Amino acid sequence: LRNSLVVAAAMQKVQSLGYTDAIVGDGADELFGGYSFMWGCADDEALWKDKRDKMCAKWTFATEALASSYGVTVHGPFMEPAFVEWAIQNTERSDCIGSGQICLTFGGEAIEHETGKMCLRQAFATVASWRRKDPIEVGSGITVIGHDAFWIDRIPDDIFAEESAALLAKGFVIKNKEHLINFRSFETIFGENGARVPTKTR
C-alpha cells in the first residue's frame, strides 16, 4: 500500500506539471534480479531462472490504474511483451546478479557489494546506475507514516486507544495509527465492515 501511495503521488505530480504520459520502470527488478531476495541460488542457475520466470509470469502492477486516475498514460518498456520474451530467453542469473562498486548512501563512497540488475547497471551509465537498490517506500521516505508521531495531529493517542479497542471488539486488530488511517479509508469506500462488497470475505 505504501508503494502505491508513492506511485499515486508521482502521477499526481505528473498531472500537475501538465504532462499526459510517463515512462516507468516496472518489471526491471523482477526480470533482472533487482530484489535482494533474488540473489540466492548461486550454485543453481536453473532453479534461479525457474523462480524468476514464474514470478514474471504472475506479476501485477498497480501503476497503470493509478496513473489513469490522474489522466496519465504510462509506458513500461520492461513490460513490453517482446522485451519480456527476450529477457526470459536470454538472461541467466550470472547476467543479473554480481558484485560491483555500489554507493550505499547518496554521494557516499562506492564499495564492492553484491547487487542485482547488473546488465542494466552496465548498459546505462547514469548517476543512479550504481546506487543501492531500495524499495520505493524507503527511497521516497514514506516510511515516516509508520511512526505514530506522524499522525498525532489527526489521531490523538486517546482517540487511537478508543477506536482500536472498539475495532478489536469487532475482530479487527489495529496495529498502529497508519493502520487505523487505512482502515478508516477502507470503510469510507467500502462501507462499515465492507458492507458494500458483501461477497468479499474478510
# chains A, B, ... in the order shown; residues from 1 in each chain; ligands from 1
>>> select_by_dssp(residues="segment 92-185 of chain A", states="strand (DSSP E)", output="short mmCIF file (atom, residue, chain, number, x, y, z; two decimals) with N, CA and C atoms, in the first residue's frame")
data_model
loop_
_atom_site.label_atom_id
_atom_site.label_comp_id
_atom_site.auth_asym_id
_atom_site.auth_seq_id
_atom_site.Cartn_x
_atom_site.Cartn_y
_atom_site.Cartn_z
N GLY A 98 25.57 -9.98 -9.45
CA GLY A 98 27.03 -9.91 -9.43
C GLY A 98 27.51 -8.96 -8.37
N SER A 99 28.76 -8.61 -8.46
CA SER A 99 29.37 -7.70 -7.49
C SER A 99 29.89 -6.47 -8.23
N GLY A 100 29.65 -5.32 -7.62
CA GLY A 100 30.10 -4.09 -8.25
C GLY A 100 30.34 -3.00 -7.23
N GLN A 101 30.85 -1.87 -7.68
CA GLN A 101 31.11 -0.73 -6.81
C GLN A 101 29.80 0.02 -6.58
N ILE A 102 29.18 -0.23 -5.43
CA ILE A 102 27.85 0.29 -5.14
C ILE A 102 27.93 1.41 -4.10
N CYS A 103 27.21 2.50 -4.36
CA CYS A 103 27.10 3.58 -3.37
C CYS A 103 25.93 3.26 -2.45
N ALA A 110 31.81 4.50 -2.92
CA ALA A 110 31.39 3.24 -3.54
C ALA A 110 32.21 2.10 -2.97
N ILE A 111 31.52 1.02 -2.60
CA ILE A 111 32.21 -0.16 -2.08
C ILE A 111 31.77 -1.39 -2.85
N GLU A 112 32.60 -2.41 -2.86
CA GLU A 112 32.27 -3.66 -3.54
C GLU A 112 31.11 -4.31 -2.81
N HIS A 113 30.04 -4.59 -3.55
CA HIS A 113 28.82 -5.08 -2.90
C HIS A 113 28.04 -5.93 -3.89
N GLU A 114 27.44 -7.02 -3.39
CA GLU A 114 26.59 -7.84 -4.25
C GLU A 114 25.35 -7.05 -4.63
N THR A 115 24.91 -7.23 -5.85
CA THR A 115 23.76 -6.47 -6.32
C THR A 115 23.09 -7.19 -7.48
#
>>> atom_distance(atom1="atom CA of Asp153 of chain A", atom2="atom CA of Asn182 of chain A")
16.0 Å
>>> residues_around(residues="Ser140 of chain A", least_positions_apart="6", cutoff="10 Å", atoms="only C-alpha atoms", output="list in words")
Arg2, Asn3, Val6, Val7 and Asp134 of chain A
>>> select_by_dssp(residues="segment 86-175 of chain A", states="alpha helix (DSSP H)", output="PyMOL selection string")
chain A and resi 86-90+93-96+118-123+136-140+157-169
>>> residues_around(residues="segment 62-66 of chain A", least_positions_apart="4", cutoff="8 Å", atoms="only C-alpha atoms", output="VMD selection string")
chain A and resid 4 7 to 8 11 70 73 to 74
>>> closest_residue(among="A:Ile97, A:Ile142, A:Ile189, A:Ala9", to="Ser36 of chain A", atoms="only C-alpha atoms")
A:Ile97
